[in-house]
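A.B. asks: Here you go, this is data15.cif (mmCIF, C-alpha atoms (C1' of nucleotides)).
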data_work
loop_
_atom_site.label_atom_id
_atom_site.label_comp_id
_atom_site.auth_asym_id
_atom_site.auth_seq_id
_atom_site.Cartn_x
_atom_site.Cartn_y
_atom_site.Cartn_z
CA MET A 1 85.27 71.18 -22.04
CA VAL A 2 86.50 67.60 -22.13
CA GLU A 3 86.38 65.94 -25.52
CA LEU A 4 86.72 62.29 -24.75
CA PRO A 5 84.86 60.15 -27.27
CA LEU A 6 83.39 57.78 -24.72
CA VAL A 7 80.89 55.86 -26.80
CA GLU A 8 80.82 57.05 -30.35
CA SER A 9 83.23 59.38 -32.07
CA PRO A 10 81.79 62.87 -32.29
CA ARG A 11 82.39 64.51 -35.59
CA PRO A 12 85.39 66.82 -35.43
CA GLU A 13 85.01 70.55 -35.05
CA ARG A 14 84.68 72.55 -38.19
CA ALA A 15 87.70 74.66 -39.16
CA ASP A 16 86.10 78.01 -38.32
CA ALA A 17 84.81 76.65 -35.04
CA ALA A 18 88.27 75.45 -33.99
CA ARG A 19 89.78 78.76 -35.01
CA ASN A 20 87.27 80.66 -32.92
CA ARG A 21 87.77 78.41 -29.89
CA GLU A 22 91.47 79.15 -30.03
CA ALA A 23 90.89 82.86 -30.44
CA LEU A 24 88.50 82.89 -27.49
CA LEU A 25 90.91 81.05 -25.20
CA GLU A 26 93.73 83.41 -26.12
CA ALA A 27 91.48 86.39 -25.53
CA ALA A 28 90.48 85.04 -22.13
CA HIS A 29 94.12 84.52 -21.20
CA ARG A 30 94.95 88.04 -22.26
CA LEU A 31 92.11 89.52 -20.20
CA LEU A 32 93.10 87.35 -17.27
CA GLU A 33 96.61 88.70 -17.23
CA ARG A 34 95.49 92.25 -17.75
CA ASP A 35 92.49 92.52 -15.40
CA GLY A 36 92.46 89.37 -13.29
CA PRO A 37 89.61 86.85 -13.12
CA GLU A 38 86.83 89.38 -12.61
CA GLY A 39 87.91 91.09 -15.82
CA ILE A 40 86.72 88.02 -17.67
CA THR A 41 83.16 88.88 -18.55
CA MET A 42 81.55 87.03 -21.40
CA ASP A 43 81.07 90.23 -23.36
CA ALA A 44 84.68 91.24 -22.91
CA VAL A 45 86.04 87.87 -24.02
CA ALA A 46 83.86 87.78 -27.11
CA CYS A 47 84.78 91.35 -27.98
CA GLU A 48 88.49 90.81 -27.37
CA ALA A 49 88.39 87.72 -29.57
CA GLY A 50 86.52 89.64 -32.23
CA VAL A 51 83.58 87.27 -32.35
CA GLY A 52 79.96 87.42 -31.23
CA LYS A 53 78.69 86.43 -27.85
CA GLY A 54 76.69 83.55 -29.26
CA THR A 55 79.87 81.99 -30.58
CA LEU A 56 81.48 82.14 -27.17
CA PHE A 57 78.52 80.45 -25.52
CA ARG A 58 78.25 77.78 -28.19
CA ARG A 59 81.91 76.89 -27.77
CA PHE A 60 82.00 76.83 -23.97
CA GLY A 61 78.44 76.54 -22.76
CA ASP A 62 78.72 78.83 -19.79
CA ARG A 63 81.12 80.97 -17.81
CA ALA A 64 82.24 78.23 -15.46
CA SER A 65 83.12 75.98 -18.38
CA LEU A 66 85.19 78.71 -19.95
CA PHE A 67 87.22 78.97 -16.76
CA HIS A 68 87.49 75.22 -16.65
CA ALA A 69 88.96 75.27 -20.14
CA LEU A 70 91.56 77.76 -18.93
CA ILE A 71 92.95 75.31 -16.36
CA ASP A 72 92.13 72.10 -18.12
CA ASP A 73 95.80 71.25 -18.60
CA ARG A 74 96.70 71.56 -14.93
CA GLU A 75 93.60 69.68 -13.98
CA ARG A 76 94.53 66.80 -16.25
CA ASP A 77 98.05 66.74 -14.88
CA PHE A 78 96.63 66.53 -11.39
CA GLN A 79 94.27 63.71 -12.28
CA GLU A 80 97.06 61.88 -14.04
CA ALA A 81 99.24 62.30 -10.97
CA PHE A 82 96.87 60.77 -8.46
CA ILE A 83 95.71 58.01 -10.80
CA ARG A 84 98.96 56.86 -12.39
CA GLY A 85 101.69 59.09 -10.99
CA PRO A 86 104.42 58.32 -8.47
CA ALA A 87 103.73 57.57 -4.82
CA PRO A 88 102.61 58.82 -2.39
CA LEU A 89 100.03 60.65 -4.53
CA GLY A 90 99.84 57.82 -7.02
CA PRO A 91 99.58 54.06 -6.42
CA GLY A 92 102.11 52.26 -4.24
CA ALA A 93 101.89 54.17 -0.99
CA PRO A 94 99.68 53.32 2.01
CA VAL A 95 96.15 54.56 1.58
CA SER A 96 96.34 57.12 4.37
CA ASP A 97 99.47 58.59 2.82
CA ARG A 98 97.72 58.82 -0.52
CA LEU A 99 94.77 60.60 1.05
CA THR A 100 97.05 63.05 2.78
CA ALA A 101 98.99 63.64 -0.41
CA PHE A 102 95.76 64.20 -2.32
CA GLY A 103 94.83 67.04 -0.05
CA HIS A 104 98.27 68.58 -0.15
CA ALA A 105 98.32 68.42 -3.94
CA MET A 106 94.92 70.07 -4.08
CA PHE A 107 96.10 72.81 -1.76
CA GLN A 108 98.99 73.41 -4.11
CA LEU A 109 96.70 73.52 -7.12
CA ILE A 110 94.52 76.06 -5.33
CA GLU A 111 97.57 78.04 -4.31
CA ASP A 112 98.57 78.31 -7.96
CA HIS A 113 95.18 78.70 -9.63
CA GLY A 114 92.71 79.31 -6.85
CA ALA A 115 90.83 82.13 -8.51
CA LEU A 116 90.36 80.19 -11.72
CA LEU A 117 89.37 77.02 -9.89
CA ALA A 118 86.80 78.89 -7.82
CA GLU A 119 85.27 80.44 -10.91
CA SER A 120 85.27 77.11 -12.73
CA THR A 121 83.15 75.51 -10.03
CA PRO A 122 79.50 75.61 -11.08
CA VAL A 123 77.28 77.51 -8.65
CA THR A 124 74.20 75.42 -9.28
CA PRO A 125 74.41 72.45 -6.91
CA GLY A 126 73.09 70.04 -9.51
CA LEU A 127 75.78 70.98 -12.00
CA ARG A 128 78.46 71.11 -9.36
CA TYR A 129 78.10 67.67 -7.86
CA GLY A 130 77.35 66.12 -11.22
CA HIS A 131 80.39 67.66 -12.87
CA PRO A 132 82.84 65.16 -14.41
CA VAL A 133 85.71 66.60 -12.40
CA TYR A 134 83.82 66.25 -9.13
CA ILE A 135 82.84 62.69 -10.04
CA THR A 136 86.45 61.84 -10.80
CA TYR A 137 87.72 63.18 -7.48
CA ARG A 138 84.90 61.52 -5.63
CA THR A 139 85.45 58.15 -7.27
CA HIS A 140 89.12 58.30 -6.38
CA LEU A 141 88.46 59.20 -2.76
CA VAL A 142 85.76 56.58 -2.38
CA ALA A 143 88.16 53.93 -3.61
CA LEU A 144 90.87 54.97 -1.18
CA LEU A 145 88.49 55.46 1.73
CA THR A 146 86.87 52.10 1.19
CA GLU A 147 90.17 50.47 2.05
CA GLN A 148 90.57 52.76 5.01
CA VAL A 149 87.16 52.80 6.68
CA GLY A 150 85.04 50.32 4.76
CA GLU A 151 82.55 50.79 1.99
CA ARG A 152 79.75 51.85 4.31
CA ARG A 153 81.38 55.07 5.47
CA ALA A 154 83.45 55.83 2.37
CA PRO A 155 80.95 57.69 0.15
CA TYR A 156 79.80 60.17 2.77
CA LEU A 157 83.34 60.82 3.94
CA ALA A 158 84.49 61.37 0.37
CA ASP A 159 81.94 64.14 -0.08
CA VAL A 160 82.83 65.71 3.26
CA LEU A 161 86.53 65.66 2.44
CA LEU A 162 85.88 67.20 -0.96
CA ALA A 163 83.92 69.96 0.74
CA ALA A 164 87.06 70.66 2.76
CA LEU A 165 89.02 70.96 -0.50
CA ASP A 166 86.59 73.30 -2.19
CA PRO A 167 88.53 76.23 -3.66
CA ASP A 168 86.40 78.90 -2.00
CA PHE A 169 86.71 77.11 1.31
CA VAL A 170 90.48 76.82 1.07
CA ILE A 171 90.87 80.42 -0.07
CA TYR A 172 88.82 81.46 2.96
CA GLN A 173 91.12 79.50 5.25
CA ARG A 174 94.21 80.96 3.65
CA GLN A 175 93.24 84.56 3.08
CA VAL A 176 90.50 85.42 5.53
CA LEU A 177 91.65 83.34 8.48
CA GLY A 178 95.27 83.80 7.50
CA LEU A 179 96.28 80.16 7.85
CA SER A 180 99.58 79.22 6.28
CA THR A 181 99.80 76.39 3.82
CA GLY A 182 101.59 74.40 6.50
CA GLU A 183 98.80 74.88 9.01
CA LEU A 184 96.25 73.88 6.43
CA GLU A 185 98.23 70.78 5.55
CA ARG A 186 98.53 69.82 9.19
CA GLY A 187 94.79 70.28 9.72
CA TRP A 188 94.07 68.08 6.72
CA ALA A 189 96.58 65.42 7.73
CA GLN A 190 95.14 65.20 11.23
CA LEU A 191 91.67 64.98 9.80
CA ILE A 192 92.74 62.05 7.63
CA ASP A 193 94.53 60.37 10.50
CA SER A 194 91.51 60.61 12.76
CA LEU A 195 89.21 58.76 10.39
CA MET B 196 85.00 110.38 16.85
CA VAL B 197 81.41 109.64 16.05
CA GLU B 198 79.38 107.95 18.71
CA LEU B 199 78.89 104.38 17.55
CA PRO B 200 75.90 102.42 18.75
CA LEU B 201 77.61 99.23 19.82
CA VAL B 202 74.75 96.79 19.62
CA GLU B 203 72.08 98.19 17.37
CA SER B 204 71.03 101.38 15.71
CA PRO B 205 68.73 102.93 18.33
CA ARG B 206 66.81 104.99 15.85
CA PRO B 207 63.56 103.22 14.98
CA GLU B 208 62.39 102.70 11.45
CA ARG B 209 60.15 105.35 10.07
CA ALA B 210 56.47 104.41 9.88
CA ASP B 211 56.35 104.15 6.10
CA ALA B 212 59.55 102.13 6.09
CA ALA B 213 58.18 99.64 8.61
CA ARG B 214 54.95 99.38 6.69
CA ASN B 215 56.81 98.64 3.47
CA ARG B 216 59.05 96.03 5.13
CA GLU B 217 55.95 94.22 6.32
CA ALA B 218 54.29 94.45 2.93
CA LEU B 219 57.44 93.10 1.25
CA LEU B 220 57.74 90.14 3.60
CA GLU B 221 54.09 89.27 3.11
CA ALA B 222 54.48 89.56 -0.64
CA ALA B 223 57.52 87.28 -0.55
CA HIS B 224 55.62 84.71 1.51
CA ARG B 225 52.74 84.83 -0.92
CA LEU B 226 55.02 84.32 -3.92
CA LEU B 227 56.82 81.54 -2.09
CA GLU B 228 53.63 79.60 -1.54
CA ARG B 229 52.40 80.22 -5.04
CA ASP B 230 55.54 79.67 -7.14
CA GLY B 231 58.18 78.23 -4.82
CA PRO B 232 61.57 79.79 -4.07
CA GLU B 233 62.52 80.47 -7.68
CA GLY B 234 59.34 82.48 -8.06
CA ILE B 235 60.83 85.01 -5.68
CA THR B 236 62.51 87.46 -8.01
CA MET B 237 63.24 90.91 -6.72
CA ASP B 238 61.04 92.48 -9.37
CA ALA B 239 58.16 90.17 -8.55
CA VAL B 240 58.35 90.81 -4.82
CA ALA B 241 58.47 94.56 -5.26
CA CYS B 242 55.59 94.46 -7.71
CA GLU B 243 53.50 92.14 -5.55
CA ALA B 244 54.06 94.41 -2.57
CA GLY B 245 53.16 97.42 -4.67
CA VAL B 246 56.40 99.27 -4.05
CA GLY B 247 59.45 100.11 -6.13
CA LYS B 248 62.49 97.94 -6.47
CA GLY B 249 64.69 100.46 -4.74
CA THR B 250 62.56 100.19 -1.64
CA LEU B 251 62.98 96.43 -1.57
CA PHE B 252 66.74 96.68 -1.86
CA ARG B 253 67.01 99.40 0.76
CA ARG B 254 65.03 97.31 3.25
CA PHE B 255 66.84 94.01 2.69
CA GLY B 256 70.11 94.78 0.99
CA ASP B 257 70.18 91.83 -1.36
CA ARG B 258 68.33 88.71 -2.35
CA ALA B 259 70.05 86.44 0.13
CA SER B 260 69.14 88.75 2.99
CA LEU B 261 65.53 88.75 1.93
CA PHE B 262 65.51 84.97 2.13
CA HIS B 263 67.26 85.17 5.45
CA ALA B 264 64.49 87.40 6.73
CA LEU B 265 61.96 84.79 5.66
CA ILE B 266 63.45 82.15 7.97
CA ASP B 267 64.81 84.41 10.62
CA ASP B 268 62.37 83.08 13.23
CA ARG B 269 63.35 79.45 12.77
CA GLU B 270 66.98 80.38 12.69
CA ARG B 271 66.66 82.19 16.01
CA ASP B 272 64.82 79.26 17.54
CA PHE B 273 67.65 76.99 16.44
CA GLN B 274 70.32 79.26 17.87
CA GLU B 275 68.38 79.57 21.11
CA ALA B 276 68.09 75.79 21.26
CA PHE B 277 71.78 75.00 20.99
CA ILE B 278 72.85 77.89 23.21
CA ARG B 279 70.34 77.73 26.05
CA GLY B 280 67.94 74.92 25.21
CA PRO B 281 67.61 71.48 26.77
CA ALA B 282 70.26 68.78 26.44
CA PRO B 283 71.61 67.14 24.41
CA LEU B 284 71.50 70.05 21.95
CA GLY B 285 71.85 72.61 24.71
CA PRO B 286 74.20 72.63 27.69
CA GLY B 287 74.38 69.71 30.09
CA ALA B 288 75.15 66.81 27.79
CA PRO B 289 78.60 65.45 26.93
CA VAL B 290 80.30 67.45 24.22
CA SER B 291 80.23 64.68 21.63
CA ASP B 292 76.50 64.28 22.15
CA ARG B 293 76.00 67.97 21.69
CA LEU B 294 77.99 67.93 18.46
CA THR B 295 75.95 65.02 17.18
CA ALA B 296 72.72 66.72 18.17
CA PHE B 297 73.83 69.93 16.46
CA GLY B 298 74.17 68.12 13.16
CA HIS B 299 70.88 66.31 13.54
CA ALA B 300 69.09 69.55 14.37
CA MET B 301 70.62 71.19 11.32
CA PHE B 302 69.52 68.30 9.14
CA GLN B 303 66.01 68.79 10.45
CA LEU B 304 66.15 72.52 9.75
CA ILE B 305 67.28 71.80 6.22
CA GLU B 306 64.61 69.17 5.83
CA ASP B 307 61.98 71.77 6.71
CA HIS B 308 63.39 74.85 5.02
CA GLY B 309 66.20 73.64 2.80
CA ALA B 310 65.32 75.70 -0.23
CA LEU B 311 65.08 78.92 1.75
CA LEU B 312 68.26 78.20 3.67
CA ALA B 313 70.16 77.50 0.46
CA GLU B 314 68.99 80.75 -1.08
CA SER B 315 69.77 82.68 2.09
CA THR B 316 73.42 81.61 1.97
CA PRO B 317 75.47 84.33 0.30
CA VAL B 318 77.26 83.17 -2.82
CA THR B 319 80.22 85.49 -2.41
CA PRO B 320 82.72 83.65 -0.16
CA GLY B 321 83.60 86.81 1.70
CA LEU B 322 80.01 87.50 2.63
CA ARG B 323 79.29 83.87 3.36
CA TYR B 324 82.02 83.15 5.87
CA GLY B 325 81.72 86.59 7.43
CA HIS B 326 77.97 86.29 7.86
CA PRO B 327 76.71 86.66 11.46
CA VAL B 328 74.93 83.33 11.26
CA TYR B 329 78.04 81.52 10.09
CA ILE B 330 80.08 83.19 12.81
CA THR B 331 77.55 82.12 15.43
CA TYR B 332 77.58 78.50 14.32
CA ARG B 333 81.33 78.52 14.05
CA THR B 334 81.85 80.01 17.50
CA HIS B 335 79.59 77.39 19.00
CA LEU B 336 81.34 74.50 17.29
CA VAL B 337 84.79 75.83 18.14
CA ALA B 338 83.79 75.98 21.81
CA LEU B 339 82.53 72.42 21.81
CA LEU B 340 85.40 71.06 19.74
CA THR B 341 87.99 72.72 21.91
CA GLU B 342 86.86 70.51 24.76
CA GLN B 343 86.86 67.51 22.48
CA VAL B 344 90.08 67.79 20.49
CA GLY B 345 91.92 70.78 21.92
CA GLU B 346 92.13 74.37 20.80
CA ARG B 347 94.70 73.66 18.11
CA ARG B 348 92.48 71.48 15.96
CA ALA B 349 89.13 73.01 16.86
CA PRO B 350 88.90 75.97 14.43
CA TYR B 351 89.75 74.02 11.30
CA LEU B 352 87.45 71.17 12.26
CA ALA B 353 84.62 73.60 12.96
CA ASP B 354 84.83 74.94 9.41
CA VAL B 355 85.02 71.46 7.93
CA LEU B 356 82.01 70.31 9.92
CA LEU B 357 80.04 73.38 8.86
CA ALA B 358 80.88 72.60 5.25
CA ALA B 359 79.26 69.22 5.81
CA LEU B 360 76.13 70.99 7.07
CA ASP B 361 75.88 73.40 4.18
CA PRO B 362 72.29 73.36 2.88
CA ASP B 363 73.29 72.72 -0.73
CA PHE B 364 75.58 69.92 0.38
CA VAL B 365 72.90 68.26 2.50
CA ILE B 366 70.27 68.64 -0.20
CA TYR B 367 72.67 66.96 -2.61
CA GLN B 368 73.12 64.06 -0.21
CA ARG B 369 69.40 63.71 0.31
CA GLN B 370 68.00 64.31 -3.15
CA VAL B 371 70.73 63.48 -5.64
CA LEU B 372 72.38 60.60 -3.81
CA GLY B 373 69.08 59.58 -2.29
CA LEU B 374 70.35 59.15 1.26
CA SER B 375 67.70 58.94 3.95
CA THR B 376 67.78 61.27 6.90
CA GLY B 377 68.80 58.30 9.02
CA GLU B 378 71.77 57.48 6.82
CA LEU B 379 72.85 61.09 6.88
CA GLU B 380 72.57 61.21 10.65
CA ARG B 381 74.60 58.03 10.99
CA GLY B 382 77.30 59.40 8.71
CA TRP B 383 77.47 62.58 10.76
CA ALA B 384 77.50 60.75 14.07
CA GLN B 385 80.34 58.47 12.95
CA LEU B 386 82.25 61.48 11.71
CA ILE B 387 81.90 63.14 15.12
CA ASP B 388 82.86 59.96 16.93
CA SER B 389 86.01 59.52 14.86
CA LEU B 390 87.43 62.92 15.71
"C1'" DG C 391 50.11 124.70 12.12
"C1'" DG C 392 54.66 125.65 9.78
"C1'" DG C 393 59.13 124.85 8.53
"C1'" DC C 394 63.37 122.09 8.41
"C1'" DT C 395 66.04 117.88 7.75
"C1'" DA C 396 66.90 113.34 7.15
"C1'" DA C 397 65.04 109.34 5.75
"C1'" DC C 398 62.55 107.33 2.36
"C1'" DC C 399 60.31 106.32 -2.20
"C1'" DG C 400 60.06 104.69 -6.97
"C1'" DG C 401 61.28 103.40 -11.25
"C1'" DA C 402 64.54 104.32 -14.85
"C1'" DC C 403 68.89 102.60 -15.59
"C1'" DC C 404 73.17 99.54 -15.71
"C1'" DC C 405 75.63 95.16 -15.89
"C1'" DT C 406 76.21 90.53 -16.92
"C1'" DG C 407 75.05 85.84 -17.90
"C1'" DG C 408 72.50 83.46 -21.16
"C1'" DT C 409 69.18 82.58 -25.42
"C1'" DC C 410 67.52 82.90 -30.25
"C1'" DC C 411 67.28 82.88 -35.02
"C1'" DG C 412 68.07 84.68 -39.83
"C1'" DG C 413 71.89 84.67 -42.60
"C1'" DT C 414 76.51 82.59 -43.76
"C1'" DT C 415 80.27 79.19 -44.16
"C1'" DT C 416 82.22 74.70 -44.23
"C1'" DC C 417 82.07 70.03 -45.43
"C1'" DT C 418 80.39 66.01 -48.10
"C1'" DG C 419 78.99 63.43 -52.03
"C1'" DC C 420 78.50 63.48 -56.59
"C1'" DG D 421 83.17 72.26 -59.17
"C1'" DC D 422 78.65 72.28 -57.60
"C1'" DA D 423 74.46 71.54 -54.63
"C1'" DG D 424 72.58 70.59 -50.42
"C1'" DA D 425 72.67 70.03 -45.64
"C1'" DA D 426 74.55 70.62 -41.31
"C1'" DA D 427 77.13 73.36 -38.48
"C1'" DC D 428 78.25 77.72 -37.38
"C1'" DC D 429 78.17 82.90 -36.83
"C1'" DG D 430 76.80 87.30 -34.73
"C1'" DG D 431 74.45 90.55 -32.42
"C1'" DA D 432 69.86 91.76 -30.97
"C1'" DC D 433 67.31 90.40 -27.22
"C1'" DC D 434 65.84 88.79 -22.49
"C1'" DA D 435 65.91 88.22 -17.37
"C1'" DG D 436 67.33 89.14 -13.04
"C1'" DG D 437 70.21 91.30 -9.53
"C1'" DG D 438 71.69 95.63 -8.07
"C1'" DT D 439 72.38 101.04 -8.20
"C1'" DC D 440 71.07 106.01 -8.49
"C1'" DC D 441 68.94 110.22 -7.78
"C1'" DG D 442 65.19 113.75 -8.18
"C1'" DG D 443 61.13 114.20 -5.82
"C1'" DT D 444 58.30 113.09 -1.57
"C1'" DT D 445 57.15 112.40 3.27
"C1'" DA D 446 57.52 111.45 8.14
"C1'" DG D 447 59.25 113.06 12.40
"C1'" DC D 448 60.66 116.93 15.17
"C1'" DC D 449 61.04 121.48 17.06
"C1'" DC D 450 59.26 125.83 17.29
#
Before anything else, please render the file you have as structure tokens.
C.D. replies:
Amino acid sequence: MVELPLVESPRPERADAARNREALLEAAHRLLERDGPEGITMDAVACEAGVGKGTLFRRFGDRASLFHALIDDRERDFQEAFIRGPAPLGPGAPVSDRLTAFGHAMFQLIEDHGALLAESTPVTPGLRYGHPVYITYRTHLVALLTEQVGERRAPYLADVLLAALDPDFVIYQRQVLGLSTGELERGWAQLIDSL
Amino acid sequence: MVELPLVESPRPERADAARNREALLEAAHRLLERDGPEGITMDAVACEAGVGKGTLFRRFGDRASLFHALIDDRERDFQEAFIRGPAPLGPGAPVSDRLTAFGHAMFQLIEDHGALLAESTPVTPGLRYGHPVYITYRTHLVALLTEQVGERRAPYLADVLLAALDPDFVIYQRQVLGLSTGELERGWAQLIDSL
DNA sequence: GGGCTAACCGGACCCTGGTCCGGTTTCTGC
DNA sequence: GCAGAAACCGGACCAGGGTCCGGTTAGCCC
């Protein structure tokens, strides 16, 4: 879970709480390597970490958030890259190039951590589209698209494009349909160009 | 080699089985009217129908399929309409008009039965994208899009467009973002036009 | 009607995500 | 160092989807 003190500073975690969070994350990583993503059940993680289930849920809220915590670093790197990183993903390149690069970077992220990303996406629609990560992506795309197609069309297009970058969707394209990364990237690029 | 019935299992349902299927569907409808979609738990339906849980699962397989059965009629009407119905949804109109009409018809379907449609969509990606209904929609869109943008781009675009017609996605646009049906239709139409 | 088989029935059971609350530990202020 | 409060802990508990299997019943052929 993200810990940015946006308005007022939240009191720091107690020592035992921090210790348990660390133990839980390590346990989850261990289970992940040993049994893959589906081996990560909440019971198993709590047991492996040697704490109770309640502790796990208090620290991470729900299963999706636990998975989010497992890829938080990569996620932050990605956000950093498209907000302040080098062109074409970051500022400086033409908008259409940035949009294309955004998709390609997301494909790469999914290639590397697809299973975790899919599990970290909340199933409940309300949680999903209200999730800070989704909002961040959306805000970025809306900003770029506004320059490209105007502010009237931008918001809807941003959501449609994000649907095309959904981990489950991309994994389906790659693994079920058997598309190569190159084919996927070309499809995305042409989609961007046609807007 | 076992003789495989190519289209459908020819053996009819046993009388008690058919009776129970009917009772279960009626029970589900009753619960739906009384408590809404989330009132339809598998236990509740079985209990309301006066049969065991096992019977419910043998008849419908899983929860999503039960919901699918509840809107099967409307779904069939929709399929009939875009395959053999009057233009512009059916054959006879320009391809771009048919694509536009397809989206608008889907919006209407979601407007009328959004909750049921959302619940009838399998959560598991494998089941979802392999579902007969998804395949039908996809095949239709691929055929239309092939005329519009060529057979190279058509398959990928079909999947992207279907993602934009996902019930949860549309409900999010309507209820969370507060878009009117008209705004949604305009967004879709412009998306089609830009391809 | 009687017997045979396959299909069917029901509900006990399992799994997993998520909640609750009585008891414990850490931190703060004195 | 001590007392009190707030935060935290753990595991029993709950709900809901899905499975299993011993017992039952419908359909069929004699």
A.B. asks: For the atom pair atom CA of Thr55 of chain A and atom CA of Arg14 of chain A, what is the interatomic distance in Å to one decimal place?
C.D. replies: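 These atoms are spaced 13.0 Å apart.
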A.B. asks: With only C-alpha atoms (C1' of nucleotides) counted and 12 Å as the cut-off, give the residues of chain B in contact with chain D, each with its shortest interatomic distance in Å and the pair that gives it, as CSV.
C.D. replies:
residue,atom,partner,partner_atom,distance
B:Arg206,CA,D:DG447,C1',11.6
B:Pro207,CA,D:DG447,C1',11.0
B:Glu208,CA,D:DA446,C1',10.5
B:Arg209,CA,D:DA446,C1',6.9
B:Ala210,CA,D:DA446,C1',7.3
B:Asp211,CA,D:DA446,C1',7.7
B:Ala212,CA,D:DA446,C1',9.8
B:Ala213,CA,D:DA446,C1',11.8
B:Glu233,CA,D:DG436,C1',11.3
B:Gly234,CA,D:DG436,C1',11.5
B:Ile235,CA,D:DG436,C1',10.7
B:Thr236,CA,D:DG436,C1',7.2
B:Met237,CA,D:DG437,C1',7.5
B:Asp238,CA,D:DG436,C1',8.0
B:Ala239,CA,D:DG436,C1',10.3
B:Lys248,CA,D:DG438,C1',9.6
B:Gly249,CA,D:DT439,C1',8.5
B:Thr250,CA,D:DT439,C1',11.8
B:Leu251,CA,D:DG438,C1',10.9
B:Phe252,CA,D:DG438,C1',8.0
B:Arg253,CA,D:DT439,C1',10.6
B:Phe255,CA,D:DG438,C1',11.9
B:Gly256,CA,D:DG438,C1',9.2
B:Asp257,CA,D:DG438,C1',7.9
B:Arg258,CA,D:DG437,C1',7.9
B:Ala259,CA,D:DG437,C1',10.8
A.B. asks: Hey, list the chain B side of the contact with chain A: 8 Å cut-off, only C-alpha atoms, answer as a VMD selection string.
C.D. replies: chain B and resid 320 to 321 324 348 351 to 352 355 358 to 359 363 to 364 367 371 382 386 389 to 390
A.B. asks: Which value, in Å to one decimal, gives the distance between atom CA of Glu26 of chain A and atom C1' of DC405 of chain C?
C.D. replies: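 Distance reported for this atom pair: 23.9 Å.
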A.B. asks: Per residue of chain C within 9 Å of chain B, what are the shortest atom pair and its distance in Å to one decimal, counting only C-alpha atoms (C1' of nucleotides), with rows by chain and residue number, as a Markdown table?
C.D. replies:
| residue | atom | partner | partner_atom | distance |
| --- | --- | --- | --- | --- |
| C:DA397 | C1' | B:Arg209 | CA | 7.6 |
| C:DC398 | C1' | B:Ala212 | CA | 7.1 |
| C:DC399 | C1' | B:Thr250 | CA | 6.6 |
| C:DG400 | C1' | B:Gly247 | CA | 4.7 |
| C:DG401 | C1' | B:Gly247 | CA | 6.4 |
A.B. asks: Print the selection's residues with C-alpha atoms (C1' of nucleotides) to a file, as a JSON list (two decimals), keeping the file's coordinate frame.
C.D. replies:
[["chain", "number", "residue", "atom", "x", "y", "z"],
["C", 397, "DA", "C1'", 65.04, 109.34, 5.75],
["C", 398, "DC", "C1'", 62.55, 107.33, 2.36],
["C", 399, "DC", "C1'", 60.31, 106.32, -2.20],
["C", 400, "DG", "C1'", 60.06, 104.69, -6.97],
["C", 401, "DG", "C1'", 61.28, 103.40, -11.25]]
A.B. asks: State the Cα RMSD (Å, one decimal) obtained when chain B is least-squares superposed onto chain A, all Cα atoms paired in order.
C.D. replies: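 Computed value for the CA RMSD is 3.0 Å.
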A.B. asks: What is the distance, in Å and to one decimal place, between atom CA of Thr100 of chain A and atom CA of Leu294 of chain B?
C.D. replies: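 Separation between atom CA of Thr100 of chain A and atom CA of Leu294 of chain B: 25.2 Å.
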A.B. asks: Keeping just N, CA and C atoms, export segment 304-313 of chain B of this structure as a PDB file, in the first residue's frame.
C.D. replies:
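The file below, selection_26.pdb, is the result:
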ATOM      1  N   LEU B 304     -28.330  -2.863 -24.230  1.00  0.00           N
ATOM      2  CA  LEU B 304     -28.426  -4.128 -23.499  1.00  0.00           C
ATOM      3  C   LEU B 304     -27.900  -3.973 -22.079  1.00  0.00           C
ATOM      4  N   ILE B 305     -26.787  -3.260 -21.963  1.00  0.00           N
ATOM      5  CA  ILE B 305     -26.206  -3.056 -20.640  1.00  0.00           C
ATOM      6  C   ILE B 305     -27.079  -2.128 -19.799  1.00  0.00           C
ATOM      7  N   GLU B 306     -27.672  -1.176 -20.470  1.00  0.00           N
ATOM      8  CA  GLU B 306     -28.580  -0.275 -19.752  1.00  0.00           C
ATOM      9  C   GLU B 306     -29.720  -1.075 -19.121  1.00  0.00           C
ATOM     10  N   ASP B 307     -30.231  -2.039 -19.859  1.00  0.00           N
ATOM     11  CA  ASP B 307     -31.377  -2.820 -19.401  1.00  0.00           C
ATOM     12  C   ASP B 307     -31.001  -3.932 -18.432  1.00  0.00           C
ATOM     13  N   HIS B 308     -29.854  -4.567 -18.670  1.00  0.00           N
ATOM     14  CA  HIS B 308     -29.517  -5.755 -17.878  1.00  0.00           C
ATOM     15  C   HIS B 308     -28.060  -5.748 -17.428  1.00  0.00           C
ATOM     16  N   GLY B 309     -27.553  -4.564 -17.171  1.00  0.00           N
ATOM     17  CA  GLY B 309     -26.134  -4.430 -16.853  1.00  0.00           C
ATOM     18  C   GLY B 309     -25.670  -5.312 -15.717  1.00  0.00           C
ATOM     19  N   ALA B 310     -26.417  -5.312 -14.641  1.00  0.00           N
ATOM     20  CA  ALA B 310     -25.997  -6.069 -13.470  1.00  0.00           C
ATOM     21  C   ALA B 310     -25.896  -7.560 -13.800  1.00  0.00           C
ATOM     22  N   LEU B 311     -26.912  -8.065 -14.485  1.00  0.00           N
ATOM     23  CA  LEU B 311     -26.893  -9.481 -14.842  1.00  0.00           C
ATOM     24  C   LEU B 311     -25.755  -9.784 -15.813  1.00  0.00           C
ATOM     25  N   LEU B 312     -25.566  -8.923 -16.784  1.00  0.00           N
ATOM     26  CA  LEU B 312     -24.499  -9.147 -17.751  1.00  0.00           C
ATOM     27  C   LEU B 312     -23.143  -9.170 -17.063  1.00  0.00           C
ATOM     28  N   ALA B 313     -22.943  -8.230 -16.143  1.00  0.00           N
ATOM     29  CA  ALA B 313     -21.662  -8.174 -15.445  1.00  0.00           C
ATOM     30  C   ALA B 313     -21.416  -9.468 -14.677  1.00  0.00           C
TER      31      ALA B 313
END
